[in-house]
Amino acid sequence: MVTETVSDEARPSPAAQIREGRTGEGARIVRPYGDTTGDGMVQLSFTLPVPAGTEDDRARAEGAALQLARAMGLEAAMVVHTKAIPPSFAFFVVYGRVRHRVDMSRVTVRERDYPLLSVAEANLAVRSTLGRTIVLVGATVGTDAHTVGLDAILNVKGFAGEKGLEAYRAFRVVNLGAQVEAAALVARAEAERADAILVSQVVTQRDAHLQAVREVVAATRTAWPPGERPLLVAGGPRFDPAAVADLGVDRVFCKGTTPREVASYVVSALVARLQRTPS
Amino acid sequence: MVTETVSDEARPSPAAQIREGRTGEGARIVRPYGDTTGDGMVQLSFTLPVPAGTEDDRARAEGAALQLARAMGLEAAMVVHTKAIPPSFAFFVVYGRVRHRVDMSRVTVRERDYPLLSVAEANLAVRSTLGRTIVLVGATVGTDAHTVGLDAILNVKGFAGEKGLEAYRAFRVVNLGAQVEAAALVARAEAERADAILVSQVVTQRDAHLQAVREVVAATRTAWPPGERPLLVAGGPRFDPAAVADLGVDRVFCKGTTPREVASYVVSALVARLQRTPS
Amino acid sequence: MTASAKLNLDPGVARRARELAARAGAPVVALARTHTTVSVERAVLRLAGLTGADTDGMPWVNRLVDAVRDQVGLEHGVALPVWDALLIGDPGDLRTLAEKASAGAVRFRVPAAREDVTRAAAAARRAVGAGLARIDANRRARERLLERLGDPPPPWIYLIVATGDILEDIPQAQAAARAGADVVAVIRSTGQSLLDYVPEGATREGFAGTYATQENFRLMRAALDDVSRELGRYVRLTNYASGLCMPEIAALAGLEQLDMMLNDCMYGIIFRDINPRRTFIDQHFSRQIHARAGIVINTGEDNYLTTADAVEAAHTVVVSQLLNEYFGRAAGLADAQLGLGHAFEIDPAVPDSFRLEVAHAQLVRELFPAAPLKYMPPTRHMTGNIFAGYLLDAFFNLAGVLTGQGILLVGMMTEGIHTPFLSDRDLALENVRYVRTACRGLAEDFSPPPDGFVATRARQVLDEAVRLLETVAEEGLFAAIARGTFAGTSRAADGGKGLDGVVPRADGYRNPVTDLLEAGPEERW
Amino acid sequence: MTASAKLNLDPGVARRARELAARAGAPVVALARTHTTVSVERAVLRLAGLTGADTDGMPWVNRLVDAVRDQVGLEHGVALPVWDALLIGDPGDLRTLAEKASAGAVRFRVPAAREDVTRAAAAARRAVGAGLARIDANRRARERLLERLGDPPPPWIYLIVATGDILEDIPQAQAAARAGADVVAVIRSTGQSLLDYVPEGATREGFAGTYATQENFRLMRAALDDVSRELGRYVRLTNYASGLCMPEIAALAGLEQLDMMLNDCMYGIIFRDINPRRTFIDQHFSRQIHARAGIVINTGEDNYLTTADAVEAAHTVVVSQLLNEYFGRAAGLADAQLGLGHAFEIDPAVPDSFRLEVAHAQLVRELFPAAPLKYMPPTRHMTGNIFAGYLLDAFFNLAGVLTGQGILLVGMMTEGIHTPFLSDRDLALENVRYVRTACRGLAEDFSPPPDGFVATRARQVLDEAVRLLETVAEEGLFAAIARGTFAGTSRAADGGKGLDGVVPRADGYRNPVTDLLEAGPEERW
Ligand code: B12
Ligand code: B12
Ligand SMILES: Cc1ncc(COP(=O)(O)O)c(C=O)c1O
Ligand SMILES: Cc1ncc(COP(=O)(O)O)c(C=O)c1O
């Protein structure tokens, strides 16, 4: 048995005794943690379209599961659970250690590039720079009928204890609800002389959300000359914030967005536009 | 909307309409299945030693999680759940599609290389070829105290409806129980002139099971000249059946082993030995 | 499905609640009886056997109804003009007529002469009679099967498939059945409810669901027939008679032997912004069909709790159930066909949340003792934490078992993430199976004290429901809906989609389907 | 921790069960009072302050006791020879004496003259008195803290850490505490129970657990003190007074302010093949220490159900609990210190399994109304299906809440796979937290009918327990153990490890620790 004697002083804080970086604080390279620093343990589950009803099938299926685990970089992978789903599927739970290391210095986080404003600050900023009310037109477009997320941002009631955009004196909000066609949204935005268009998308199966947003982008292209279209903001629980450029919108908001973040962004972006284009 | 018309005959079995190989039957290349053939969806969970208590930390932590998911071959990975575990860990649940494909033709399953015998067949085979009782000495070695698995194989009561090895007339079983030292097991095996040594190992933390089995292997090396040591069988829920050579034992049995499998293997192997060494 | 009474409810309060619901509902039923809609008329043609679509995918029933409407209006119904045209024009079938009509080659009239009317009406009755006969045959086939194979004990396990591709749905539905599902529901694609036509054919590209088409119905019922045979038990099929084509889908469901249909009196209004009048007229007709087809309807009160708070709005669920019951009975549905919906949607962080859920579930159970209540799992508070989700679903299952619910829609641990994976469903079934096996009979040990937390809460919800019903009966249902009474969403009586499809019946309005349905199953053509 | 009676148990039957347990236990207590063991004697030296180990890692207490035993035997205890030697030899401390003795440089004698005896005994009493004073001070410190911070409501959340490395255990234990653990247990390395010495120092290489050492105790208690301060609630620490060094570990636990100790009268016999006599003697002494230290013991009946069937062997759990209660009281433990063990181990595939569990748990609750029962989660039927595992743990938590258990050992979804990961523990706590919050007060609604399934089953188990106790009282406990009564494992009275460490006390046997303990906490040195 290997033991390590730690000096017998009167109860020093054990935290002090934990080797620098043990728990990864400040560590640059980290690995998954099961119960020991650096053990690399991860849990996986998935289904393969292979039968597993008989003993032989099951063995083959587990071999297949291990092959996949290996391809994913797992070492000493264990198939801890195999469930045949008749007629020809099998569900697996796998544990193992991944070889991969995460380099924290390579993690790029999109920092918030606008200041977070209070309601009063936002109102003041708009009044003092734009000198008029900002018009926002929002909708859930396409066949998606979810409005709770859009309403959380727009309605007075708001979300997570913050008032929604309707509660800002600086905004006039036109909430078109759900299942609005892209063309109808853009037409309304034109009619209202909108400063920003807000699109919500919740259903993501078969990338429905991406498709719907792209339709709005396309519709704006025909409605406004390049550079003159209103600010275009998309939101919903499963957007990838990095997809902004790819989607052709100005900004994307994800799960857990609060109204204040949206308000702050819109105000900052519109003020910046104003300063860019001395109209 | 794209529709595909299927001919309007009187209720043919829809199974017939499913394209060949859709559900993967007979398919050579398969991918994980979420809800659509080939979608590649897998679920992952793991902990990273990084803080996630504040908004910024959380964003960094999720970035790290995505980096790992990418390294594992996930595309369009979504961190669907992040839980800060104070002070400086974060647990994640991730879904995504893996690029990897599983080539079923490359799955090698270790086929059972001995016939599965009934109790009567085993007894008969021993009597007719060896003409004497086989002596088996079994134990859980090292500091491991688990006996249920060993007893499941050895005790009359057995496992999964099959009688244990004690119930075979052809065997004399010496069950030493748990926490037996490797040297003591080998000494007893010598004293009993054992034909086979059965080692059980259930605790696997820090590879305790491998270490314990290796100790037995080492002890047999000093006790018997090469080629003369009894059959050496290891068993336990977390052995890798492929590790036989690496461990230096003759066979490894895993989770779900039944007594009959062990009896059949022992009989076949000993009969084969007899035929190899015309003593 | 009888429930032992544990809550000490005052029968007088329940009686009063039903009286108020009747007062609120009666004007709406009167409206439904004096109006028709484009979809009701199309349903007539569907029952008469008109199928298929033109090369644009627009169904012939739409073409023909539109043509009639353009020429003579729908105030008299589609039947008289159509069968009149068939009788006086070239002898031909409905399909030919539809093709010609949509090419502008048919002149319709509303027959005026008594004998023309009688002849056309009789022909129409004969034609739709064939459809009703098929519905009756399906109903008998189901009843015979159930007699032979028996019915599973409640709660029935209800599972959804939602791949968007009928050919993926099928193996998933079969897997679900093999794993223990008593009922399989095919979720619809997002867009369908606002389509004013029913797509044709087998479909493979829905979003978050598969189109409700006659062919998809047929394929899935056949697949479940196969698996029912394999398993020796009858696996029920569910779809949605909802949206702008509610009446037609109800008809298709009857024709293809579906067993349950989602069919709510207000869901389309609140969650799809469909015009309230349109919805109330359509739901009445579709329920008449369901009544005849022996289909159990599932109402949608659970949905309210996804936008309104499940504690604060608990009584709105009860109010809506009482209205659905009233409208259902008015359309001829038996109590055993009323799968009234409710849900386990209280924030799990709320102290005593489980006891509150049980109070609500037991209240509904005792208020509607003969209805096969449909209990919906947590959705709103399901997050990406699949373990927490699996846990919450287990307590939902427990509440279902403890309070004797009729139909348990099985919750998915991935509800907060994606439409169900094959494995999600399998795991969900293991969850229910454990709870049903381990806790069967536990209801025996569940006796909330008469003035304890559970009984008090249940009585409070019922009292609140009565108070709300008083207001609704007073102001009228349309006004109540406009005020945002349900799901915190307000809808104006003249707003929403599909109002232009509503037509007041003229004096000479004839609808061979309602004629036959209201005459009851005895009267044959 | 009082439980309202719901089972209609016959108090006469419970009384009879206790009488029988006393009859079976009395000869064993007599044995413990007339024998000592090497570990009891080493515990005396530890309480007198002898710490440290030689360069081989063998503790000085072992060296000294071995030297005494070699020269004069242990029949008179280690105290008289040792303090006699200290008084007559060079004035030196215990450590110097131990060093010299193990070098063969000390001659021991058993003092014979009354005044030599009195002098040595007094010196010994002073020495161990210091140890007991530290134990008393720790107890008071705990009591003061609890008075100030209050105790969490039962069931207390009990979590294990088991990395094998004290420096990994510490952050995990702190994380567990922050996440809501009321009690943290550090699991021991597999090998320790068969070591006839207690390792020294902080250890980092255990298998499936961390060595119980004084230094590890100190480090972990200090870490939990830190986190207790941070959280404003007292987090309890548990370890194992079990195996061949049970008495010494009990002493170390008292010295380092541990709060609970696993300490069973038969676990070592059955699951570690330790000699029965050795175990019974050691457990008696260790419980005397625990009594003084205000430590709550946890007994190990749960383990039986990992090898025997939880339905068939349910009554053996009750029999063992009654024996543990008898032995515990005989050693001076208060009922509030009896954390009697039991477990949720019925095969989940068994119909009504949950109701059976609840029947067992409620029975134990009502039989031992003043004991802080320790309820153990499912282990045996936990597989690699982590979702099923999470579910089963939830129902275990529910049974705990429903039947008012005192301590809930939180189950891990990965029980069938590995010792807990940090995240397993965090998820497990989320599970308990939901159940406690959602179902608090649900016990109010749980009223098994007097002749229903639950009450009938509970009475049946109690009756079976009485019948088994009759046999045990008749044949004697050693015979019963040899017959495989518990856990289906048979152990002979003279078999197993450690019998050579048992020594009958001679007439002049003196043990300053038991002297002081039996005099009670009032008497000071
Ligand atoms: C409530 C709900 C419903 C309600 C909607 C009521 C309503 N009026 O909105 C009802 C019951 C009607 C419903 C119906 C359906 N639903 Co639904 N529903 C949900 C549920 C339970 C919660 C969604 C929600 O309200 N979240 C709370 C809000 C506040 O969060 P959020 O939407 O993410 O919004 C936040 C951010 O994303 C962001 N945000 C969102 N929009 C915007 C816009 C802008 C401009 C900005 C800046 C930010 C922003 O800010 C918000 C606040 O932080 C989820 C499951 C779940 N637990 O998530 C399923 C879910 C979203 N539904 C789903 C589906 C499939 C449907 C149906 C399509 C099913 C069907 N075929 O019948 C139908 C809808 C049909 C249709 N045409 O769309 C799926 C989507 C699957 C997928 N990933 O593709 C989910 C995930 C359930 C599941 N697992 O199957 N649903
Ligand atoms: C029962 C049990 C116990 C009982 C054991 C009673 C006894 N007499 O055996 C008790 C309660 C005493 C116990 C104690 C401990 N246990 Co334990 N225990 C279990 C449990 C619940 C079930 C194991 C079991 O009996 N399985 C049933 C048998 C039939 O299956 P099996 O062992 O896999 O055997 C089969 C095959 O593997 C094979 N096989 C096995 N041996 C052999 C041998 C041969 C020759 C052959 C051919 C085949 C074969 O055939 C068998 C039949 O199919 C598991 C958790 C779980 N659900 O798996 C934890 C578990 C095994 N225990 C564990 C631990 C850590 C311990 C302790 C070390 C904890 C501690 N520090 O105090 C202590 C033991 C101390 C010690 N010195 O070892 C861990 C091991 C973790 C790991 N992977 O390293 C587990 C997984 C629990 C956990 N998640 O932490 N345990
Ligand atoms: C009663 C009811 N109708 C219909 C639907 C389906 O919506 P859609 O009509 O948009 O397909 C639901 C969805 O949950 C429902 O609850
Ligand atoms: C009562 C009791 N003592 C001791 C132990 C620990 O075993 P060991 O003494 O081998 O560390 C356990 C394990 O669960 C137990 O339940």
# chains A, B, ... in the order shown; residues from 1 in each chain; ligands from 1
>>> closest_atom_pairs(of="chain C", to="ligand 3", cutoff="6 Å", atoms="only C-alpha atoms and all ligand atoms", output="tab-separated table")
residue	atom	partner	partner_atom_place_in_ligand_line	distance
C:Arg188	CA	ligand 3	11 (O)	4.8
C:Thr190	CA	ligand 3	10 (O)	5.7
C:Ser193	CA	ligand 3	9 (O)	4.5
C:Tyr240	CA	ligand 3	4 (C)	5.6
C:Ser242	CA	ligand 3	9 (O)	4.7
C:Gly243	CA	ligand 3	9 (O)	4.8
C:Leu262	CA	ligand 3	1 (C)	4.9
C:Asn263	CA	ligand 3	1 (C)	5.1
C:Asp264	CA	ligand 3	1 (C)	4.6
C:Tyr267	CA	ligand 3	1 (C)	5.4
C:Thr299	CA	ligand 3	1 (C)	4.9
C:Gly300	CA	ligand 3	1 (C)	3.6
>>> interface_residues(of="chain C", to="chain D", cutoff="7 Å", atoms="only C-alpha atoms", output="number ranges by chain")
C: 348, 351-355, 387, 391, 394, 437-440, 442, 444-449
>>> residues_around(residues="Gln201 of chain B", least_positions_apart="4", cutoff="10 Å", atoms="only C-alpha atoms", output="JSON, numbers by chain")
{"B": [139, 140, 141, 142, 143, 144, 145, 146, 147, 149, 150, 178, 208, 209, 210, 211, 212, 213, 234, 235, 236, 237, 238, 239]}
>>> interface_residues(of="chain D", to="chain A", cutoff="9 Å", atoms="only C-alpha atoms", output="PyMOL selection string")
chain D and resi 57+162-163+165+167-172+199-206+215+218-223+225-226+383-386+416-417+419-424
>>> write_last_selection(atoms="N, CA and C atoms", output="JSON list (two decimals), in the first residue's frame")
[["chain", "number", "residue", "atom", "x", "y", "z"],
["D", 57, "GLY", "N", 5.74, 1.03, 8.13],
["D", 57, "GLY", "CA", 4.34, 1.44, 8.12],
["D", 57, "GLY", "C", 3.52, 0.70, 9.16],
["D", 162, "ALA", "N", -15.77, 7.57, -3.07],
["D", 162, "ALA", "CA", -15.07, 6.28, -3.12],
["D", 162, "ALA", "C", -13.99, 6.30, -4.19],
["D", 163, "THR", "N", -13.21, 7.34, -4.22],
["D", 163, "THR", "CA", -12.22, 7.39, -5.30],
["D", 163, "THR", "C", -10.98, 6.58, -4.98],
["D", 165, "ASP", "N", -8.59, 7.91, -3.35],
["D", 165, "ASP", "CA", -7.55, 8.94, -3.18],
["D", 165, "ASP", "C", -8.16, 10.05, -2.33],
["D", 167, "LEU", "N", -7.32, 12.89, -1.72],
["D", 167, "LEU", "CA", -7.29, 14.22, -2.32],
["D", 167, "LEU", "C", -8.29, 14.37, -3.47],
["D", 168, "GLU", "N", -8.78, 13.27, -3.99],
["D", 168, "GLU", "CA", -9.93, 13.35, -4.91],
["D", 168, "GLU", "C", -11.23, 13.30, -4.11],
["D", 169, "ASP", "N", -11.21, 12.50, -3.04],
["D", 169, "ASP", "CA", -12.41, 12.40, -2.20],
["D", 169, "ASP", "C", -12.84, 13.77, -1.68],
["D", 170, "ILE", "N", -11.84, 14.58, -1.30],
["D", 170, "ILE", "CA", -12.17, 15.84, -0.64],
["D", 170, "ILE", "C", -12.99, 16.77, -1.53],
["D", 171, "PRO", "N", -12.53, 17.10, -2.73],
["D", 171, "PRO", "CA", -13.38, 17.98, -3.53],
["D", 171, "PRO", "C", -14.72, 17.33, -3.87],
["D", 172, "GLN", "N", -14.74, 16.02, -4.02],
["D", 172, "GLN", "CA", -16.01, 15.36, -4.33],
["D", 172, "GLN", "C", -16.95, 15.47, -3.14],
["D", 199, "PRO", "N", -3.72, 1.61, 8.87],
["D", 199, "PRO", "CA", -2.65, 2.33, 8.18],
["D", 199, "PRO", "C", -2.53, 3.76, 8.70],
["D", 200, "GLU", "N", -1.40, 4.34, 8.45],
["D", 200, "GLU", "CA", -1.10, 5.69, 8.92],
["D", 200, "GLU", "C", -1.08, 6.67, 7.74],
["D", 201, "GLY", "N", -1.43, 7.87, 8.03],
["D", 201, "GLY", "CA", -1.19, 8.94, 7.07],
["D", 201, "GLY", "C", -2.29, 9.13, 6.04],
["D", 202, "ALA", "N", -2.11, 10.13, 5.21],
["D", 202, "ALA", "CA", -3.05, 10.41, 4.13],
["D", 202, "ALA", "C", -2.79, 9.40, 3.02],
["D", 203, "THR", "N", -3.82, 8.81, 2.48],
["D", 203, "THR", "CA", -3.58, 7.75, 1.49],
["D", 203, "THR", "C", -4.21, 8.11, 0.15],
["D", 204, "ARG", "N", -3.56, 7.66, -0.91],
["D", 204, "ARG", "CA", -4.02, 8.05, -2.23],
["D", 204, "ARG", "C", -4.16, 6.88, -3.18],
["D", 205, "GLU", "N", -4.06, 5.65, -2.64],
["D", 205, "GLU", "CA", -4.11, 4.54, -3.58],
["D", 205, "GLU", "C", -5.01, 3.38, -3.15],
["D", 206, "GLY", "N", -6.20, 3.68, -2.70],
["D", 206, "GLY", "CA", -7.11, 2.60, -2.34],
["D", 206, "GLY", "C", -7.81, 2.05, -3.57],
["D", 215, "GLU", "N", -5.36, 10.26, 9.79],
["D", 215, "GLU", "CA", -5.06, 11.44, 9.02],
["D", 215, "GLU", "C", -6.15, 11.70, 7.96],
["D", 218, "ARG", "N", -9.03, 13.17, 9.67],
["D", 218, "ARG", "CA", -8.81, 14.55, 10.03],
["D", 218, "ARG", "C", -8.97, 15.47, 8.81],
["D", 219, "LEU", "N", -8.36, 15.03, 7.71],
["D", 219, "LEU", "CA", -8.43, 15.85, 6.50],
["D", 219, "LEU", "C", -9.87, 16.04, 6.04],
["D", 220, "MET", "N", -10.61, 14.95, 6.07],
["D", 220, "MET", "CA", -11.97, 15.03, 5.55],
["D", 220, "MET", "C", -12.87, 15.84, 6.48],
["D", 221, "ARG", "N", -12.68, 15.63, 7.81],
["D", 221, "ARG", "CA", -13.51, 16.41, 8.75],
["D", 221, "ARG", "C", -13.21, 17.90, 8.59],
["D", 222, "ALA", "N", -11.92, 18.22, 8.40],
["D", 222, "ALA", "CA", -11.56, 19.63, 8.23],
["D", 222, "ALA", "C", -12.18, 20.19, 6.95],
["D", 223, "ALA", "N", -12.16, 19.38, 5.90],
["D", 223, "ALA", "CA", -12.74, 19.82, 4.63],
["D", 223, "ALA", "C", -14.24, 20.04, 4.79],
["D", 225, "ASP", "N", -15.70, 20.70, 7.64],
["D", 225, "ASP", "CA", -15.87, 21.88, 8.50],
["D", 225, "ASP", "C", -15.86, 23.14, 7.64],
["D", 226, "ASP", "N", -14.92, 23.20, 6.70],
["D", 226, "ASP", "CA", -14.86, 24.35, 5.80],
["D", 226, "ASP", "C", -16.18, 24.53, 5.06],
["D", 383, "THR", "N", -28.57, -2.30, -13.13],
["D", 383, "THR", "CA", -27.84, -2.86, -14.26],
["D", 383, "THR", "C", -27.06, -1.74, -14.94],
["D", 384, "GLY", "N", -26.62, -1.99, -16.15],
["D", 384, "GLY", "CA", -25.95, -0.94, -16.91],
["D", 384, "GLY", "C", -26.93, 0.05, -17.53],
["D", 385, "ASN", "N", -28.23, -0.21, -17.37],
["D", 385, "ASN", "CA", -29.22, 0.73, -17.89],
["D", 385, "ASN", "C", -29.37, 1.88, -16.89],
["D", 386, "ILE", "N", -28.63, 2.93, -17.13],
["D", 386, "ILE", "CA", -28.58, 4.03, -16.17],
["D", 386, "ILE", "C", -29.92, 4.74, -16.05],
["D", 416, "GLY", "N", -24.58, -0.33, -10.99],
["D", 416, "GLY", "CA", -24.21, -1.58, -11.63],
["D", 416, "GLY", "C", -22.92, -1.50, -12.43],
["D", 417, "ILE", "N", -22.26, -0.35, -12.42],
["D", 417, "ILE", "CA", -21.12, -0.16, -13.32],
["D", 417, "ILE", "C", -19.83, 0.18, -12.60],
["D", 419, "THR", "N", -17.83, 2.72, -9.23],
["D", 419, "THR", "CA", -17.99, 3.57, -8.05],
["D", 419, "THR", "C", -18.34, 4.97, -8.56],
["D", 420, "PRO", "N", -19.08, 5.72, -7.75],
["D", 420, "PRO", "CA", -19.73, 6.92, -8.28],
["D", 420, "PRO", "C", -18.80, 7.95, -8.91],
["D", 421, "PHE", "N", -19.24, 8.47, -10.03],
["D", 421, "PHE", "CA", -18.62, 9.64, -10.62],
["D", 421, "PHE", "C", -19.19, 10.88, -9.92],
["D", 422, "LEU", "N", -18.44, 11.95, -10.03],
["D", 422, "LEU", "CA", -18.90, 13.23, -9.49],
["D", 422, "LEU", "C", -20.31, 13.55, -10.00],
["D", 423, "SER", "N", -20.52, 13.36, -11.26],
["D", 423, "SER", "CA", -21.80, 13.72, -11.86],
["D", 423, "SER", "C", -22.90, 12.75, -11.44],
["D", 424, "ASP", "N", -22.55, 11.49, -11.21],
["D", 424, "ASP", "CA", -23.56, 10.53, -10.76],
["D", 424, "ASP", "C", -24.17, 11.03, -9.46]]
>>> closest_atom_pairs(of="chain A", to="chain B", cutoff="7 Å", atoms="only C-alpha atoms", output="CSV")
residue,atom,partner,partner_atom,distance
A:Thr23,CA,B:Pro49,CA,5.8
A:Gly24,CA,B:Pro49,CA,5.0
A:Glu25,CA,B:Val50,CA,6.4
A:Val30,CA,B:Pro49,CA,6.7
A:Arg31,CA,B:Leu48,CA,6.4
A:Pro32,CA,B:Leu48,CA,4.7
A:Tyr33,CA,B:Thr47,CA,5.3
A:Gly34,CA,B:Thr47,CA,6.8
A:Met41,CA,B:Phe46,CA,7.0
A:Val42,CA,B:Phe46,CA,4.8
A:Gln43,CA,B:Ser45,CA,5.1
A:Leu44,CA,B:Leu44,CA,4.5
A:Ser45,CA,B:Gln43,CA,5.1
A:Phe46,CA,B:Val42,CA,4.8
A:Thr47,CA,B:Tyr33,CA,5.3
A:Leu48,CA,B:Pro32,CA,4.7
A:Pro49,CA,B:Gly24,CA,5.0
A:Val50,CA,B:Gly24,CA,6.1
A:Ala59,CA,B:Val109,CA,6.3
A:Arg60,CA,B:Val109,CA,5.8
A:Gly63,CA,B:Val107,CA,5.6
A:Ala64,CA,B:Val107,CA,5.8
A:Gln67,CA,B:Val102,CA,6.6
A:Leu68,CA,B:Val102,CA,6.0
A:Ala71,CA,B:His100,CA,6.6
A:Met72,CA,B:Met72,CA,4.5
A:Gly73,CA,B:Met72,CA,6.0
A:Ser88,CA,B:Glu25,CA,6.6
A:His100,CA,B:Ala71,CA,6.6
A:Val102,CA,B:Leu68,CA,6.0
A:Met104,CA,B:Ala64,CA,6.5
A:Val107,CA,B:Gly63,CA,5.6
A:Thr108,CA,B:Gly63,CA,6.7
A:Val109,CA,B:Arg60,CA,5.8
>>> select_by_dssp(residues="segment 312-508 of chain D", states="alpha helix (DSSP H)", output="VMD selection string")
chain D and resid 314 to 330 353 to 367 386 to 402 422 to 439 453 to 475 477 to 482
>>> select_by_dssp(residues="segment 28-89 of chain B", states="strand (DSSP E or B)", output="list in words")
Ile29, Val30, Met41, Val42, Gln43, Leu44, Ser45, Phe46, Thr47, Leu48, Leu74, Glu75, Ala76, Ala77, Met78, Val79, Val80, His81, Thr82, Lys83, Ala84, Ile85 and Phe89 of chain B
>>> residues_around(residues="Ala493 of chain C", least_positions_apart="2", cutoff="8 Å", atoms="only C-alpha atoms", output="list in words")
Asn275, Pro276, Arg277, Phe478, Ala479, Ala482, Arg491 and Gly495 of chain C
>>> write_last_selection(atoms="N, CA, C and O atoms", output="short mmCIF file (atom, residue, chain, number, x, y, z; two decimals), in the first residue's frame")
data_model
loop_
_atom_site.label_atom_id
_atom_site.label_comp_id
_atom_site.auth_asym_id
_atom_site.auth_seq_id
_atom_site.Cartn_x
_atom_site.Cartn_y
_atom_site.Cartn_z
N ASN C 275 -60.45 30.67 -37.06
CA ASN C 275 -61.63 31.41 -36.66
C ASN C 275 -62.53 30.60 -35.73
O ASN C 275 -62.81 29.42 -35.97
N PRO C 276 -63.01 31.21 -34.66
CA PRO C 276 -63.82 30.49 -33.68
C PRO C 276 -65.11 29.88 -34.27
O PRO C 276 -65.44 28.73 -34.00
N ARG C 277 -65.84 30.66 -35.09
CA ARG C 277 -67.08 30.10 -35.66
C ARG C 277 -66.76 28.87 -36.50
O ARG C 277 -67.39 27.82 -36.39
N PHE C 478 -67.93 33.15 -26.86
CA PHE C 478 -67.08 33.91 -27.78
C PHE C 478 -66.39 35.06 -27.05
O PHE C 478 -65.20 35.32 -27.25
N ALA C 479 -67.12 35.71 -26.19
CA ALA C 479 -66.55 36.82 -25.45
C ALA C 479 -65.47 36.32 -24.50
O ALA C 479 -64.41 36.94 -24.34
N ALA C 482 -62.40 35.67 -26.37
CA ALA C 482 -61.78 36.94 -26.77
C ALA C 482 -61.06 37.60 -25.60
O ALA C 482 -60.12 38.36 -25.78
N ARG C 491 -58.67 35.49 -28.65
CA ARG C 491 -59.01 35.36 -30.06
C ARG C 491 -60.40 35.96 -30.29
O ARG C 491 -61.36 35.58 -29.61
N GLY C 495 -61.99 37.00 -35.95
CA GLY C 495 -60.59 36.97 -36.39
C GLY C 495 -60.18 35.59 -36.83
O GLY C 495 -60.98 34.66 -36.90
#
>>> atom_distance(atom1="atom CA of Glu121 of chain A", atom2="atom CA of Gly164 of chain A")
14.9 Å
>>> atom_distance(atom1="atom CA of Phe285 of chain C", atom2="atom CA of Ala331 of chain C")
7.4 Å
>>> residues_around(residues="Ser39 of chain D", least_positions_apart="3", cutoff="7 Å", atoms="only C-alpha atoms", output="list in words")
Arg42, Ala43, Cys245, Pro247 and Glu248 of chain D
>>> calpha_fit_rmsd(fixed="chain A", moving="chain B")
0.1 Å
>>> residues_around(residues="segment 3-9 of chain C", least_positions_apart="6", cutoff="12 Å", atoms="only C-alpha atoms", output="PyMOL selection string")
(chain C and resi 15+154+358-373+401-406+443-463) or (chain D and resi 445)
>>> residues_around(residues="Pro241 of chain A", least_positions_apart="6", cutoff="9 Å", atoms="only C-alpha atoms", output="list in words")
Arg110, Arg251, Val252, Phe253 and Cys254 of chain A
